[in-house]
Every structure is written in C-alpha cells, then in structure tokens.
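Written out below as structure tokens is the structure these notes cover.
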Amino acid sequence: MVPSPATSYTGRFAPSPTGPLHFGSLATAVASYLDARHHEGRWLVRMEDIDPPREMSGAADRILQQLEAHGLYWDDAVLYQSQRSEAYQEVLQQLLEQEIVYPCHCSRQQLKERGGLHLHRCSHHGDTGGPHALRLGVTEQSEIGFEDIFQGKQQQHIKQTVGDFVLLRKDGLFAYQLAVVVDDAFQQISHIIRGSDLLNSTARQIYLQQVLGFSQPLYGHLPVAVDLQGHKLSKQNLAKAVDEHSPTLNLWTALQWLKLTPPEELRHATPEQLLAWGVNHWQREAIPHLMLQPAPIF
C-alpha cells in the first residue's frame, strides 16, 4: 500500500480549504517551498479537505490560484484527501484486526469529567450500537521524543497528556491524525515544515507511524502569525485574504517575516526572481524559537 521510503527530500504544503490563504498560511507555504528547493528537493501540495462542515465553497481552487500567482509551483498532481477514503479505511481495518483500535461512545461531557483524557477502552452495558468514534489504544510506553528543525528537542508522553486518540470521528469522518499519517507515507514525505499550532499533534503522528511501520519524516515548526491582540490569523478571526494582485509585496513581506532580508533592487522583481533569491539565501537557523510571531500590517 505504501511505496518504499523516500531517499531524498520531499516536502509538502497541506492547507485546509476553510478559506483563502491569509498571510500566515502564505508565509508557511513560502518557508516550506524554500526549504525544499534549497535542499534540491520536491515540493508537493495536498488539499486536506476531509472536514466538509468547516470547508468554504471554492476555497480549494482559490488557494491553488493564490499559490500560482506567487510563483509557488508544485511538483506532481495535487492530492485531495476527499478522494483517499479507501486508503484510510484500509488502515483502520488493519488496526481493527490487530485489536488496537476500539469503538468509543463517550460524549464530550463524559470526556470533560475525565479531564479531557480517554485512558482506557470503553466499557458498555447493553446495546453498543449507534454512532461511535474509533480510538487508538495507546500503550503506557508512549514517550515520544524528536528533534524539531526550528524548535529543538521535543518530548511528549502521549498516554499521560493526550490519552487514546480518535482516528475515526463519531460523525463518520476520518480524523486528521489518521489522514495526515497515511498520506505523508503514501507521498513519501521526508520533511514537514508547518506552523507551531500543529506541534502538539506531532508526537501522536509519530506514534501512529511507529504502529504502522511507516518512516518518520523530519519536522520543523514555524512561529504562528498572530494579530495585534495575539490571536492566530485564521478565517474564524476574519484574517484578510492574501491579494493575488500584489505577489511581490506579499513575498517580500513573508521573506522578512522569516528573517530574510532581500536587497532593495528586488523590491519590484517578479515572484520567481524573489523566490530564487530566497532559495539561495534560505537559513533554517534564522527562524526564531517562538510559538507566536506578530504578522506585519499591510
């Protein structure tokens, strides 16, 4: 089901189509692209469209248009998670047969009463039918450590801090943790550059990779762009969409936010020229060890 592990650099940008790209998501795309191209690697785009209730009509196409307008051209076809259900179901079935995934009927209130943690298999009396989630039974030996490219050494004991986590939601939708692990393996992703809002979920993904026998990518988590009030730029916070008609200004600003300083003569360059400069001058060590970083005001 999964190709042999990658022997060279393959990176990816994986937006959710909940709205068009804002500055924070553009900066993440730029960093992911620069890191891949600087290391002479491939750069893929994956559309993480597995949560229809949260998605905005037309957002997926708009995101791809925004990337192209900024000269961020990807290798190979875009992978849409909405077309990958069979692959996710195959992995779920494998885990069910190994009896390490179990049904969970617990309500949010029941989880709240346990401090938000689900630490053991559900015990039911009587009928166990009806809507239920599928959780991965995490062992006590679930201490996961990894070296983040930007944030340094990370450590998390999943059983104690997260508990048994959901792979299939009660509404029948596949959970992010399952889909991202299956698709990173399928696409042979070797490096993942993304926002630090996803740092807390990385240990769960590594744990699931180990359970499934998949290769572990290298991870690098960038600061999250926030507004003046310290709120993450997002559709929910009405973050302004990136204007495709001013790509050079947007890229120039993103490079500076990533602590690169392009020369003045490139201020009016084409996106391709500005990105070429960025590829040559990309410095991982310049990225600040921050979880949050204010976005510029346009």
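Quick note on naming: the chains in the structure tokens go A, B, ... in the order shown, residues restart at 1 in each chain, and ligands are numbered from 1 in order of appearance.
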Name the residues in contact with stretch 221-226 of chain A at a cut-off of 12 Å, using only C-alpha atoms, excluding same-chain residues fewer than 3 positions from it; report them as a ChimeraX atom specification.
-> /A:22-32,147-154,191-202,218,229-234,237-239,254,257-259,284-297
Do you know which residues are at most 12 Å from A:Gln98 counting only C-alpha atoms, after dropping those on the same chain fewer than 6 positions away, and could you put them as a count of residues only?
-> 6
Hey, can you check how far atom CA of A:Val181 sits from atom CA of A:Glu55?
->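 Computed distance, atom CA of A:Val181 to atom CA of A:Glu55, equals 20.9 Å.
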Within 9 Å of stretch 261-272 of chain A, counting only C-alpha atoms, which residues show up once you throw out same-chain ones fewer than 3 positions away? Write them as an NGL selection string, please.
-> :A and (69-72 or 247-249 or 251-252 or 255-256 or 258 or 275-278 or 281)
Write the residues of the preceding selection, restricted to N, CA and C atoms, as a PDB file, in the first residue's frame.
ATOM      1  N   ALA A  69      -0.106  32.433  -8.349  1.00  0.00           N
ATOM      2  CA  ALA A  69       0.121  33.863  -8.526  1.00  0.00           C
ATOM      3  C   ALA A  69       1.404  34.318  -7.841  1.00  0.00           C
ATOM      4  N   HIS A  70       1.812  33.586  -6.802  1.00  0.00           N
ATOM      5  CA  HIS A  70       3.035  33.932  -6.073  1.00  0.00           C
ATOM      6  C   HIS A  70       4.239  33.110  -6.537  1.00  0.00           C
ATOM      7  N   GLY A  71       4.106  32.422  -7.661  1.00  0.00           N
ATOM      8  CA  GLY A  71       5.227  31.658  -8.209  1.00  0.00           C
ATOM      9  C   GLY A  71       5.539  30.386  -7.453  1.00  0.00           C
ATOM     10  N   LEU A  72       4.616  29.946  -6.590  1.00  0.00           N
ATOM     11  CA  LEU A  72       4.825  28.741  -5.789  1.00  0.00           C
ATOM     12  C   LEU A  72       4.252  27.540  -6.554  1.00  0.00           C
ATOM     13  N   PRO A 247       1.712  40.072  -5.585  1.00  0.00           N
ATOM     14  CA  PRO A 247       2.508  38.930  -5.119  1.00  0.00           C
ATOM     15  C   PRO A 247       3.912  39.296  -4.654  1.00  0.00           C
ATOM     16  N   THR A 248       4.560  40.241  -5.339  1.00  0.00           N
ATOM     17  CA  THR A 248       5.926  40.597  -4.948  1.00  0.00           C
ATOM     18  C   THR A 248       5.946  41.215  -3.553  1.00  0.00           C
ATOM     19  N   LEU A 249       5.014  42.129  -3.278  1.00  0.00           N
ATOM     20  CA  LEU A 249       4.930  42.728  -1.945  1.00  0.00           C
ATOM     21  C   LEU A 249       4.666  41.660  -0.895  1.00  0.00           C
ATOM     22  N   LEU A 251       5.371  38.424  -1.036  1.00  0.00           N
ATOM     23  CA  LEU A 251       6.547  37.577  -0.862  1.00  0.00           C
ATOM     24  C   LEU A 251       7.659  38.318  -0.131  1.00  0.00           C
ATOM     25  N   TRP A 252       7.852  39.572  -0.479  1.00  0.00           N
ATOM     26  CA  TRP A 252       8.870  40.395   0.187  1.00  0.00           C
ATOM     27  C   TRP A 252       8.592  40.430   1.694  1.00  0.00           C
ATOM     28  N   LEU A 255       9.236  36.974   3.319  1.00  0.00           N
ATOM     29  CA  LEU A 255      10.666  36.710   3.492  1.00  0.00           C
ATOM     30  C   LEU A 255      11.210  37.458   4.709  1.00  0.00           C
ATOM     31  N   GLN A 256      10.814  38.707   4.883  1.00  0.00           N
ATOM     32  CA  GLN A 256      11.257  39.458   6.051  1.00  0.00           C
ATOM     33  C   GLN A 256      10.722  38.847   7.333  1.00  0.00           C
ATOM     34  N   LEU A 258      10.218  35.822   7.821  1.00  0.00           N
ATOM     35  CA  LEU A 258      11.039  34.626   8.013  1.00  0.00           C
ATOM     36  C   LEU A 258      12.492  34.974   8.299  1.00  0.00           C
ATOM     37  N   LEU A 275      11.685  34.551  -5.259  1.00  0.00           N
ATOM     38  CA  LEU A 275      11.775  33.204  -4.680  1.00  0.00           C
ATOM     39  C   LEU A 275      13.146  32.586  -4.951  1.00  0.00           C
ATOM     40  N   ALA A 276      13.703  32.840  -6.142  1.00  0.00           N
ATOM     41  CA  ALA A 276      15.028  32.314  -6.450  1.00  0.00           C
ATOM     42  C   ALA A 276      16.058  32.862  -5.467  1.00  0.00           C
ATOM     43  N   TRP A 277      15.930  34.156  -5.143  1.00  0.00           N
ATOM     44  CA  TRP A 277      16.826  34.741  -4.135  1.00  0.00           C
ATOM     45  C   TRP A 277      16.610  34.052  -2.784  1.00  0.00           C
ATOM     46  N   GLY A 278      15.345  33.839  -2.447  1.00  0.00           N
ATOM     47  CA  GLY A 278      15.039  33.200  -1.180  1.00  0.00           C
ATOM     48  C   GLY A 278      15.593  31.789  -1.082  1.00  0.00           C
ATOM     49  N   HIS A 281      19.272  31.976  -0.307  1.00  0.00           N
ATOM     50  CA  HIS A 281      19.632  32.592   0.975  1.00  0.00           C
ATOM     51  C   HIS A 281      18.856  32.013   2.156  1.00  0.00           C
TER      52      HIS A 281
END
Nearby residues (only C-alpha atoms) at most 7 Å from stretch 56-68 of chain A, same-chain spacing under 2 positions excluded, as a list in words =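 Once the nearby chain positions are removed, what remains is Pro17, Thr18, Gly19, Pro20, Leu21, Arg54, His70, Gly71, Leu72, Tyr73 and Glu244 of chain A.
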Would you put the residues from that selection into a file with all heavy atoms, as a CSV table (one decimal), in the first residue's frame?
chain,number,residue,atom,x,y,z
A,17,PRO,N,-9.1,23.8,3.1
A,17,PRO,CA,-9.9,24.8,2.3
A,17,PRO,C,-11.0,25.4,3.1
A,17,PRO,O,-12.2,25.4,2.7
A,17,PRO,CB,-10.4,24.0,1.1
A,17,PRO,CG,-10.5,22.6,1.6
A,17,PRO,CD,-9.4,22.4,2.6
A,18,THR,N,-10.7,25.9,4.3
A,18,THR,CA,-11.7,26.6,5.1
A,18,THR,C,-11.8,28.1,4.7
A,18,THR,O,-12.6,28.8,5.3
A,18,THR,CB,-11.3,26.5,6.6
A,18,THR,OG1,-10.0,26.9,6.8
A,18,THR,CG2,-11.4,25.0,7.0
A,19,GLY,N,-11.0,28.5,3.8
A,19,GLY,CA,-11.0,29.9,3.3
A,19,GLY,C,-9.7,30.1,2.5
A,19,GLY,O,-8.8,29.2,2.4
A,20,PRO,N,-9.6,31.3,1.9
A,20,PRO,CA,-8.4,31.6,1.1
A,20,PRO,C,-7.1,31.7,2.0
A,20,PRO,O,-7.3,31.8,3.2
A,20,PRO,CB,-8.7,32.9,0.4
A,20,PRO,CG,-9.7,33.5,1.3
A,20,PRO,CD,-10.5,32.4,1.9
A,21,LEU,N,-6.0,31.7,1.3
A,21,LEU,CA,-4.7,31.9,2.1
A,21,LEU,C,-4.7,33.3,2.7
A,21,LEU,O,-5.0,34.3,2.0
A,21,LEU,CB,-3.5,31.8,1.2
A,21,LEU,CG,-3.3,30.4,0.6
A,21,LEU,CD1,-2.0,30.4,-0.3
A,21,LEU,CD2,-3.2,29.3,1.6
A,54,ARG,N,-16.6,22.4,7.8
A,54,ARG,CA,-15.7,23.5,8.0
A,54,ARG,C,-15.2,24.2,6.7
A,54,ARG,O,-14.6,25.2,6.8
A,54,ARG,CB,-14.5,23.2,8.9
A,54,ARG,CG,-14.8,22.7,10.3
A,54,ARG,CD,-13.6,22.4,11.1
A,54,ARG,NE,-12.7,23.6,11.2
A,54,ARG,CZ,-11.5,23.7,10.7
A,54,ARG,NH1,-11.0,22.7,10.0
A,54,ARG,NH2,-10.8,24.8,10.8
A,70,HIS,N,1.8,33.6,-6.8
A,70,HIS,CA,3.0,33.9,-6.1
A,70,HIS,C,4.2,33.1,-6.5
A,70,HIS,O,5.3,33.1,-5.9
A,70,HIS,CB,2.8,33.7,-4.6
A,70,HIS,CG,1.9,34.8,-4.0
A,70,HIS,ND1,0.5,34.7,-4.0
A,70,HIS,CD2,2.2,35.9,-3.3
A,70,HIS,CE1,0.0,35.7,-3.4
A,70,HIS,NE2,1.0,36.5,-3.0
A,71,GLY,N,4.1,32.4,-7.7
A,71,GLY,CA,5.2,31.7,-8.2
A,71,GLY,C,5.5,30.4,-7.5
A,71,GLY,O,6.6,29.8,-7.7
A,72,LEU,N,4.6,29.9,-6.6
A,72,LEU,CA,4.8,28.7,-5.8
A,72,LEU,C,4.3,27.5,-6.6
A,72,LEU,O,3.1,27.1,-6.3
A,72,LEU,CB,4.2,28.9,-4.4
A,72,LEU,CG,4.8,30.0,-3.5
A,72,LEU,CD1,3.9,30.3,-2.4
A,72,LEU,CD2,6.2,29.6,-3.1
A,73,TYR,N,5.0,27.1,-7.5
A,73,TYR,CA,4.6,26.0,-8.3
A,73,TYR,C,5.0,24.6,-7.7
A,73,TYR,O,6.1,24.5,-7.3
A,73,TYR,CB,5.2,26.1,-9.8
A,73,TYR,CG,4.8,27.4,-10.4
A,73,TYR,CD1,5.8,28.4,-10.7
A,73,TYR,CD2,3.5,27.7,-10.7
A,73,TYR,CE1,5.4,29.6,-11.3
A,73,TYR,CE2,3.1,28.9,-11.4
A,73,TYR,CZ,4.1,29.8,-11.6
A,73,TYR,OH,3.7,31.0,-12.2
A,244,GLU,N,-3.8,38.4,-4.5
A,244,GLU,CA,-3.1,37.8,-5.6
A,244,GLU,C,-2.5,38.9,-6.6
A,244,GLU,O,-1.6,38.6,-7.3
A,244,GLU,CB,-3.9,36.9,-6.5
A,244,GLU,CG,-4.5,35.7,-5.7
A,244,GLU,CD,-5.9,35.9,-5.2
A,244,GLU,OE1,-6.1,36.9,-4.6
A,244,GLU,OE2,-6.7,35.0,-5.5
Using only C-alpha atoms, I'd like a table of the residues in stretch 156-243 of chain A that come within 12 Å of stretch 79-84 of chain A; for each, show the closest atom pair and its distance in Å rounded to one decimal, ordered by chain and ascending number, as a Markdown table.
| residue | atom | partner | partner_atom | distance |
| --- | --- | --- | --- | --- |
| A:Leu173 | CA | A:Ser82 | CA | 10.2 |
| A:Phe174 | CA | A:Ser82 | CA | 9.8 |
| A:Ala175 | CA | A:Gln81 | CA | 11.2 |
| A:Tyr176 | CA | A:Gln81 | CA | 10.0 |
| A:Leu178 | CA | A:Gln81 | CA | 11.1 |
| A:Ala179 | CA | A:Gln81 | CA | 7.4 |
| A:Val180 | CA | A:Gln81 | CA | 8.9 |
| A:Val181 | CA | A:Gln81 | CA | 11.7 |
| A:Val182 | CA | A:Arg84 | CA | 9.4 |
| A:Asp183 | CA | A:Gln81 | CA | 8.1 |
| A:Asp184 | CA | A:Leu79 | CA | 10.8 |
| A:Phe186 | CA | A:Leu79 | CA | 10.4 |
| A:Gln187 | CA | A:Leu79 | CA | 9.0 |
Filtering to all heavy atoms, could you give me those residues as a CSV table (one decimal), in the first residue's frame?
chain,number,residue,atom,x,y,z
A,173,LEU,N,-16.5,10.9,9.9
A,173,LEU,CA,-15.4,11.5,9.2
A,173,LEU,C,-14.0,11.0,9.7
A,173,LEU,O,-13.9,10.8,10.9
A,173,LEU,CB,-15.4,13.0,9.2
A,173,LEU,CG,-16.7,13.7,8.6
A,173,LEU,CD1,-16.7,15.2,8.9
A,173,LEU,CD2,-16.8,13.4,7.1
A,174,PHE,N,-13.1,10.8,8.8
A,174,PHE,CA,-11.8,10.4,9.2
A,174,PHE,C,-11.1,11.5,10.0
A,174,PHE,O,-11.1,12.7,9.6
A,174,PHE,CB,-10.9,10.0,8.0
A,174,PHE,CG,-11.5,8.8,7.3
A,174,PHE,CD1,-12.2,8.9,6.1
A,174,PHE,CD2,-11.3,7.5,7.8
A,174,PHE,CE1,-12.7,7.8,5.4
A,174,PHE,CE2,-11.8,6.4,7.2
A,174,PHE,CZ,-12.5,6.5,6.0
A,175,ALA,N,-10.4,11.2,11.0
A,175,ALA,CA,-9.7,12.2,11.8
A,175,ALA,C,-8.4,12.7,11.1
A,175,ALA,O,-7.8,11.9,10.4
A,175,ALA,CB,-9.3,11.6,13.2
A,176,TYR,N,-8.0,13.9,11.4
A,176,TYR,CA,-6.8,14.5,10.9
A,176,TYR,C,-5.6,13.6,11.1
A,176,TYR,O,-4.7,13.4,10.2
A,176,TYR,CB,-6.6,15.9,11.4
A,176,TYR,CG,-5.2,16.5,11.2
A,176,TYR,CD1,-4.9,16.9,9.9
A,176,TYR,CD2,-4.3,16.6,12.2
A,176,TYR,CE1,-3.6,17.5,9.6
A,176,TYR,CE2,-3.0,17.1,11.9
A,176,TYR,CZ,-2.7,17.5,10.6
A,176,TYR,OH,-1.5,18.1,10.4
A,178,LEU,N,-5.1,10.4,11.5
A,178,LEU,CA,-5.0,9.3,10.6
A,178,LEU,C,-4.7,9.7,9.2
A,178,LEU,O,-3.8,9.1,8.6
A,178,LEU,CB,-6.4,8.5,10.6
A,178,LEU,CG,-6.5,7.3,9.6
A,178,LEU,CD1,-5.5,6.2,10.0
A,178,LEU,CD2,-7.9,6.8,9.5
A,179,ALA,N,-5.5,10.6,8.6
A,179,ALA,CA,-5.3,11.0,7.2
A,179,ALA,C,-3.9,11.5,7.0
A,179,ALA,O,-3.3,11.2,5.9
A,179,ALA,CB,-6.3,12.0,6.8
A,180,VAL,N,-3.4,12.4,7.8
A,180,VAL,CA,-2.1,13.0,7.6
A,180,VAL,C,-1.0,12.0,7.6
A,180,VAL,O,0.0,12.0,6.8
A,180,VAL,CB,-1.8,14.2,8.6
A,180,VAL,CG1,-1.5,13.6,10.0
A,180,VAL,CG2,-0.7,15.0,8.1
A,181,VAL,N,-1.0,11.0,8.5
A,181,VAL,CA,0.0,10.0,8.6
A,181,VAL,C,0.0,9.1,7.4
A,181,VAL,O,1.0,8.8,6.8
A,181,VAL,CB,-0.2,9.2,9.9
A,181,VAL,CG1,0.6,7.9,9.8
A,181,VAL,CG2,0.2,10.0,11.1
A,182,VAL,N,-1.2,8.7,7.0
A,182,VAL,CA,-1.4,7.8,5.8
A,182,VAL,C,-0.9,8.5,4.5
A,182,VAL,O,-0.1,7.9,3.7
A,182,VAL,CB,-2.8,7.3,5.6
A,182,VAL,CG1,-3.0,6.6,4.3
A,182,VAL,CG2,-3.2,6.4,6.8
A,183,ASP,N,-1.2,9.8,4.4
A,183,ASP,CA,-0.8,10.5,3.2
A,183,ASP,C,0.6,10.9,3.2
A,183,ASP,O,1.3,10.9,2.1
A,183,ASP,CB,-1.7,11.7,3.0
A,183,ASP,CG,-3.1,11.3,2.6
A,183,ASP,OD1,-3.3,10.2,2.1
A,183,ASP,OD2,-4.1,12.2,2.8
A,184,ASP,N,1.2,11.2,4.3
A,184,ASP,CA,2.6,11.5,4.3
A,184,ASP,C,3.4,10.3,3.9
A,184,ASP,O,4.4,10.4,3.2
A,184,ASP,CB,3.1,12.0,5.7
A,184,ASP,CG,2.7,13.4,6.0
A,184,ASP,OD1,2.5,14.2,5.0
A,184,ASP,OD2,2.6,13.8,7.2
A,186,PHE,N,2.2,7.7,2.0
A,186,PHE,CA,1.9,7.5,0.6
A,186,PHE,C,2.7,8.4,-0.3
A,186,PHE,O,3.2,7.9,-1.4
A,186,PHE,CB,0.4,7.7,0.4
A,186,PHE,CG,0.0,7.5,-1.1
A,186,PHE,CD1,0.0,6.3,-1.7
A,186,PHE,CD2,-0.3,8.6,-1.8
A,186,PHE,CE1,-0.4,6.1,-3.0
A,186,PHE,CE2,-0.7,8.5,-3.2
A,186,PHE,CZ,-0.7,7.3,-3.8
A,187,GLN,N,2.9,9.7,0.0
A,187,GLN,CA,3.6,10.6,-0.8
A,187,GLN,C,5.1,10.6,-0.5
A,187,GLN,O,5.8,11.4,-1.1
A,187,GLN,CB,3.0,12.0,-0.6
A,187,GLN,CG,1.6,12.2,-1.1
A,187,GLN,CD,1.1,13.6,-1.1
A,187,GLN,OE1,0.9,14.1,0.0
A,187,GLN,NE2,1.0,14.2,-2.2
Would you give me, as a PyMOL selection string, the residues in stretch 156-215 of chain A that DSSP reads as strand (DSSP E)?
-> chain A and resi 156-157+165-168+191-195
Give me a file of those residues, with N, CA and C atoms, as a PDB file, in the first residue's frame.
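The new file part_7.pdb reads:
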ATOM      1  N   GLN A 156       7.016  14.186  24.560  1.00  0.00           N
ATOM      2  CA  GLN A 156       5.624  14.095  24.996  1.00  0.00           C
ATOM      3  C   GLN A 156       5.284  12.643  25.338  1.00  0.00           C
ATOM      4  N   HIS A 157       4.656  12.461  26.505  1.00  0.00           N
ATOM      5  CA  HIS A 157       4.130  11.150  26.878  1.00  0.00           C
ATOM      6  C   HIS A 157       2.655  11.146  26.489  1.00  0.00           C
ATOM      7  N   PHE A 165      -6.387   8.418  21.288  1.00  0.00           N
ATOM      8  CA  PHE A 165      -6.892   9.477  20.411  1.00  0.00           C
ATOM      9  C   PHE A 165      -7.712   8.922  19.250  1.00  0.00           C
ATOM     10  N   VAL A 166      -8.563   9.785  18.723  1.00  0.00           N
ATOM     11  CA  VAL A 166      -9.556   9.417  17.719  1.00  0.00           C
ATOM     12  C   VAL A 166      -8.926   9.280  16.334  1.00  0.00           C
ATOM     13  N   LEU A 167      -9.268   8.200  15.632  1.00  0.00           N
ATOM     14  CA  LEU A 167      -8.879   8.019  14.236  1.00  0.00           C
ATOM     15  C   LEU A 167     -10.077   8.130  13.289  1.00  0.00           C
ATOM     16  N   LEU A 168     -11.257   7.793  13.803  1.00  0.00           N
ATOM     17  CA  LEU A 168     -12.500   7.979  13.049  1.00  0.00           C
ATOM     18  C   LEU A 168     -13.487   8.680  13.966  1.00  0.00           C
ATOM     19  N   HIS A 191      10.240  15.656   4.772  1.00  0.00           N
ATOM     20  CA  HIS A 191      10.356  16.854   5.605  1.00  0.00           C
ATOM     21  C   HIS A 191       9.007  17.571   5.657  1.00  0.00           C
ATOM     22  N   ILE A 192       8.610  17.966   6.861  1.00  0.00           N
ATOM     23  CA  ILE A 192       7.344  18.663   7.047  1.00  0.00           C
ATOM     24  C   ILE A 192       7.616  19.994   7.734  1.00  0.00           C
ATOM     25  N   ILE A 193       7.407  21.078   7.002  1.00  0.00           N
ATOM     26  CA  ILE A 193       7.560  22.434   7.525  1.00  0.00           C
ATOM     27  C   ILE A 193       6.166  23.010   7.665  1.00  0.00           C
ATOM     28  N   ARG A 194       5.762  23.353   8.887  1.00  0.00           N
ATOM     29  CA  ARG A 194       4.405  23.825   9.136  1.00  0.00           C
ATOM     30  C   ARG A 194       4.374  24.705  10.379  1.00  0.00           C
ATOM     31  N   GLY A 195       3.195  25.197  10.740  1.00  0.00           N
ATOM     32  CA  GLY A 195       3.055  26.103  11.860  1.00  0.00           C
ATOM     33  C   GLY A 195       3.133  25.395  13.203  1.00  0.00           C
TER      34      GLY A 195
END
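Separating atom CA of A:Val78 from atom CA of A:Met47 is a distance of 7.0 Å.
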note - atom CA of A:Gln216 and atom CA of A:Gly11 are separated by 12.9 Å
Between A:His132, A:His39, A:Arg46, A:Arg169, which is the closest to A:Tyr9 once you count only C-alpha atoms?
->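 For A:Tyr9, the nearest of the given residues is A:His39.
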Run DSSP on the backbone of this structure and report the residues of stretch 88-280 of chain A it assigns to alpha helix (DSSP H), as a ChimeraX atom specification.
-> /A:88-97,108-113,158-161,176-186,199-212,247-257,271-280
